[in-house]
Amino acid sequence: MLQCDLYVHASDMESEAISCIEAFATGLVPVIANSEVSATPQFALDGRSLFKPGSPKDLARAIDYWLDHPNEREYMGKLYRVAAKKYSLANSVRMFEEMLNEEIEDNAKQSVQD
């Protein structure tokens with residue numbers, strides 16, 4: 001994958017989008033189908049990484065843009081690599097622990113009120 005110029009995620013339906021996260025964590029700029037029944041579009045840092053689902057013409061437009069602008073692609077690749085840290089295992093565990101601690105605190109407050 002590190003020899004690729006882009007990552008294309010053409011799926012119209014995706015619930016986890018792990019492959020997309022893995023791709024942009026390496027610095028690949030994703031080109032993502034902007035489907036309403038997919039979780040993946042949320043990872044696009046801007047509209048240049050989105051295309052109309054089911055439209056080969058719009059997919060080609062997005063791919064051509066990134067291939068025609070290598071400096072911008074390199075810059076955005078760095079931003080995608082940074083953005084991927086939000087989804088790291090360490091960060092996910094930290095956020096889960098915070099959620100559990102908040103629930104424990106809320107439960108303790110509720111017990112005192114009862």
# chains A, B, ... in the order shown; residues from 1 in each chain; ligands from 1
$ select_by_dssp --residues "chain A" --states "strand (DSSP E or B)" --output "number ranges by chain"
A: 6-9, 14, 29-33, 38, 50-51
$ closest_atom_pairs --of "region 82-112 of chain A" --to "region 25-36 of chain A" --cutoff "12 Å" --atoms "only C-alpha atoms" --output "JSON lines"
{"residue": "A:Val82", "atom": "CA", "partner": "A:Ala25", "partner_atom": "CA", "distance": 7.5}
{"residue": "A:Ala83", "atom": "CA", "partner": "A:Ala25", "partner_atom": "CA", "distance": 7.7}
{"residue": "A:Ala84", "atom": "CA", "partner": "A:Ala25", "partner_atom": "CA", "distance": 5.0}
{"residue": "A:Lys85", "atom": "CA", "partner": "A:Ala25", "partner_atom": "CA", "distance": 7.5}
{"residue": "A:Lys86", "atom": "CA", "partner": "A:Ala25", "partner_atom": "CA", "distance": 10.0}
{"residue": "A:Tyr87", "atom": "CA", "partner": "A:Ala25", "partner_atom": "CA", "distance": 9.1}
{"residue": "A:Ser88", "atom": "CA", "partner": "A:Ala25", "partner_atom": "CA", "distance": 9.2}
$ write_last_selection --atoms "all heavy atoms" --output "compact mmCIF listing (two decimals), in the first residue's frame"
# COMPACT_ATOMS: atom_id res chain seq x y z
N VAL A 82 -1.82 12.63 10.70
CA VAL A 82 -2.07 13.20 12.03
C VAL A 82 -3.50 12.89 12.47
O VAL A 82 -3.73 12.49 13.62
CB VAL A 82 -1.81 14.72 12.03
CG1 VAL A 82 -2.30 15.36 13.31
CG2 VAL A 82 -0.32 14.99 11.83
N ALA A 83 -4.46 13.04 11.56
CA ALA A 83 -5.86 12.79 11.90
C ALA A 83 -6.09 11.35 12.33
O ALA A 83 -6.95 11.07 13.17
CB ALA A 83 -6.75 13.14 10.71
N ALA A 84 -5.32 10.44 11.78
CA ALA A 84 -5.49 9.02 12.09
C ALA A 84 -5.16 8.70 13.55
O ALA A 84 -5.67 7.73 14.11
CB ALA A 84 -4.62 8.16 11.17
N LYS A 85 -4.35 9.53 14.18
CA LYS A 85 -3.98 9.28 15.58
C LYS A 85 -5.21 9.30 16.49
O LYS A 85 -5.22 8.65 17.53
CB LYS A 85 -2.93 10.29 16.03
CG LYS A 85 -1.61 10.08 15.32
CD LYS A 85 -0.58 11.09 15.73
CE LYS A 85 0.69 10.83 14.90
NZ LYS A 85 1.79 11.65 15.28
N LYS A 86 -6.23 10.01 16.09
CA LYS A 86 -7.48 10.05 16.86
C LYS A 86 -8.09 8.65 16.99
O LYS A 86 -8.78 8.36 17.95
CB LYS A 86 -8.46 11.00 16.16
CG LYS A 86 -9.82 11.07 16.77
CD LYS A 86 -10.71 12.02 15.99
CE LYS A 86 -12.12 12.06 16.53
NZ LYS A 86 -13.00 12.93 15.74
N TYR A 87 -7.81 7.80 16.02
CA TYR A 87 -8.41 6.46 15.99
C TYR A 87 -7.44 5.36 16.42
O TYR A 87 -7.72 4.18 16.26
CB TYR A 87 -8.93 6.17 14.57
CG TYR A 87 -9.87 7.25 14.11
CD1 TYR A 87 -9.44 8.25 13.25
CD2 TYR A 87 -11.18 7.29 14.58
CE1 TYR A 87 -10.30 9.27 12.84
CE2 TYR A 87 -12.03 8.31 14.18
CZ TYR A 87 -11.58 9.29 13.32
OH TYR A 87 -12.42 10.29 12.94
N SER A 88 -6.31 5.75 17.01
CA SER A 88 -5.33 4.76 17.46
C SER A 88 -5.90 3.94 18.62
O SER A 88 -6.81 4.37 19.33
CB SER A 88 -4.04 5.44 17.91
OG SER A 88 -4.25 6.13 19.13
$ atom_distance --atom1 "CA of Ser49 (chain A)" --atom2 "CA of Asp5 (chain A)"
13.2 Å
$ select_by_dssp --residues "chain A" --states "helix (DSSP H, G or I)" --output "ChimeraX atom specification"
/A:18-25,40-43,47-49,56-68,70-87,89-113
$ residues_around --residues "Pro56 (chain A)" --least-positions-apart "5" --cutoff "12 Å" --atoms "only C-alpha atoms" --output "list of chain:residue names"
A:Val8, A:Ala10, A:Ala33, A:Phe51, A:Arg61, A:Ala62, A:Ile63, A:Asp64
$ write_last_selection --atoms "N, CA and C atoms" --output "mmCIF file, in the first residue's frame"
data_model
loop_
_atom_site.group_PDB
_atom_site.id
_atom_site.type_symbol
_atom_site.label_atom_id
_atom_site.label_comp_id
_atom_site.auth_asym_id
_atom_site.auth_seq_id
_atom_site.Cartn_x
_atom_site.Cartn_y
_atom_site.Cartn_z
ATOM 1 N N VAL A 8 -8.657 4.515 -2.745
ATOM 2 C CA VAL A 8 -10.027 4.709 -3.218
ATOM 3 C C VAL A 8 -10.946 3.782 -2.445
ATOM 4 N N ALA A 10 -14.591 2.930 -2.663
ATOM 5 C CA ALA A 10 -15.762 3.099 -3.528
ATOM 6 C C ALA A 10 -17.020 2.447 -2.975
ATOM 7 N N ALA A 33 -16.435 7.363 -1.416
ATOM 8 C CA ALA A 33 -17.821 7.522 -1.872
ATOM 9 C C ALA A 33 -18.610 8.212 -0.771
ATOM 10 N N PHE A 51 -16.581 11.726 -3.439
ATOM 11 C CA PHE A 51 -17.192 11.690 -4.760
ATOM 12 C C PHE A 51 -18.606 11.124 -4.635
ATOM 13 N N ARG A 61 -13.047 12.446 -11.491
ATOM 14 C CA ARG A 61 -12.745 13.850 -11.187
ATOM 15 C C ARG A 61 -11.911 13.957 -9.920
ATOM 16 N N ALA A 62 -12.324 13.236 -8.864
ATOM 17 C CA ALA A 62 -11.601 13.294 -7.591
ATOM 18 C C ALA A 62 -10.194 12.707 -7.722
ATOM 19 N N ILE A 63 -10.093 11.584 -8.392
ATOM 20 C CA ILE A 63 -8.770 10.961 -8.594
ATOM 21 C C ILE A 63 -7.870 11.898 -9.400
ATOM 22 N N ASP A 64 -8.401 12.428 -10.486
ATOM 23 C CA ASP A 64 -7.612 13.329 -11.333
ATOM 24 C C ASP A 64 -7.130 14.546 -10.557
#
$ atom_distance --atom1 "CA of Cys4 (chain A)" --atom2 "CA of Leu89 (chain A)"
24.6 Å
$ atom_distance --atom1 "CA of Glu72 (chain A)" --atom2 "CA of Glu22 (chain A)"
20.4 Å
$ closest_residue --among "A:Asp46, A:Asp114, A:Ala17, A:His9" --to "Tyr80 (chain A)" --atoms "only C-alpha atoms"
A:Asp46
$ closest_residue --among "A:Ala23, A:Leu79, A:Met13, A:Val112" --to "Pro53 (chain A)" --atoms "only C-alpha atoms"
A:Met13
$ closest_residue --among "A:Gln113, A:Cys20, A:Arg48, A:Val93" --to "Met76 (chain A)" --atoms "only C-alpha atoms"
A:Arg48
$ closest_residue --among "A:Ser92, A:Phe24, A:Ser11, A:Glu97" --to "Arg73 (chain A)" --atoms "only C-alpha atoms"
A:Phe24
$ residues_around --residues "Val37 (chain A)" --least-positions-apart "5" --cutoff "9 Å" --atoms "only C-alpha atoms" --output "list in words"
Asp12, Met13, Glu14 and Ser15 of chain A
$ decode --residues "region 76-109 of chain A" --atoms "C-alpha atoms" --output "PDB file, in the first residue's frame"
ATOM      1  CA  MET A  76      -2.930  16.498   2.865  1.00  0.00           C
ATOM      2  CA  GLY A  77      -1.314  13.095   3.341  1.00  0.00           C
ATOM      3  CA  LYS A  78       0.531  14.541   6.326  1.00  0.00           C
ATOM      4  CA  LEU A  79      -2.724  15.936   7.718  1.00  0.00           C
ATOM      5  CA  TYR A  80      -4.428  12.572   7.244  1.00  0.00           C
ATOM      6  CA  ARG A  81      -1.580  10.836   9.065  1.00  0.00           C
ATOM      7  CA  VAL A  82      -2.071  13.196  12.030  1.00  0.00           C
ATOM      8  CA  ALA A  83      -5.862  12.790  11.898  1.00  0.00           C
ATOM      9  CA  ALA A  84      -5.494   9.016  12.095  1.00  0.00           C
ATOM     10  CA  LYS A  85      -3.985   9.285  15.583  1.00  0.00           C
ATOM     11  CA  LYS A  86      -7.479  10.048  16.861  1.00  0.00           C
ATOM     12  CA  TYR A  87      -8.414   6.458  15.985  1.00  0.00           C
ATOM     13  CA  SER A  88      -5.327   4.759  17.460  1.00  0.00           C
ATOM     14  CA  LEU A  89      -5.782   1.919  19.921  1.00  0.00           C
ATOM     15  CA  ALA A  90      -4.180   3.935  22.720  1.00  0.00           C
ATOM     16  CA  ASN A  91      -6.521   6.871  22.147  1.00  0.00           C
ATOM     17  CA  SER A  92      -9.555   4.597  21.870  1.00  0.00           C
ATOM     18  CA  VAL A  93      -8.695   2.911  25.181  1.00  0.00           C
ATOM     19  CA  ARG A  94      -8.184   6.303  26.852  1.00  0.00           C
ATOM     20  CA  MET A  95     -11.556   7.551  25.609  1.00  0.00           C
ATOM     21  CA  PHE A  96     -13.250   4.327  26.734  1.00  0.00           C
ATOM     22  CA  GLU A  97     -11.748   4.676  30.210  1.00  0.00           C
ATOM     23  CA  GLU A  98     -12.943   8.295  30.376  1.00  0.00           C
ATOM     24  CA  MET A  99     -16.442   7.196  29.403  1.00  0.00           C
ATOM     25  CA  LEU A 100     -16.461   4.496  32.094  1.00  0.00           C
ATOM     26  CA  ASN A 101     -15.203   6.933  34.739  1.00  0.00           C
ATOM     27  CA  GLU A 102     -17.909   9.448  33.799  1.00  0.00           C
ATOM     28  CA  GLU A 103     -20.539   6.728  34.107  1.00  0.00           C
ATOM     29  CA  ILE A 104     -19.208   5.705  37.528  1.00  0.00           C
ATOM     30  CA  GLU A 105     -19.312   9.341  38.683  1.00  0.00           C
ATOM     31  CA  ASP A 106     -22.833   9.838  37.306  1.00  0.00           C
ATOM     32  CA  ASN A 107     -23.996   6.632  38.970  1.00  0.00           C
ATOM     33  CA  ALA A 108     -22.471   7.706  42.320  1.00  0.00           C
ATOM     34  CA  LYS A 109     -24.210  11.111  42.077  1.00  0.00           C
TER      35      LYS A 109
END
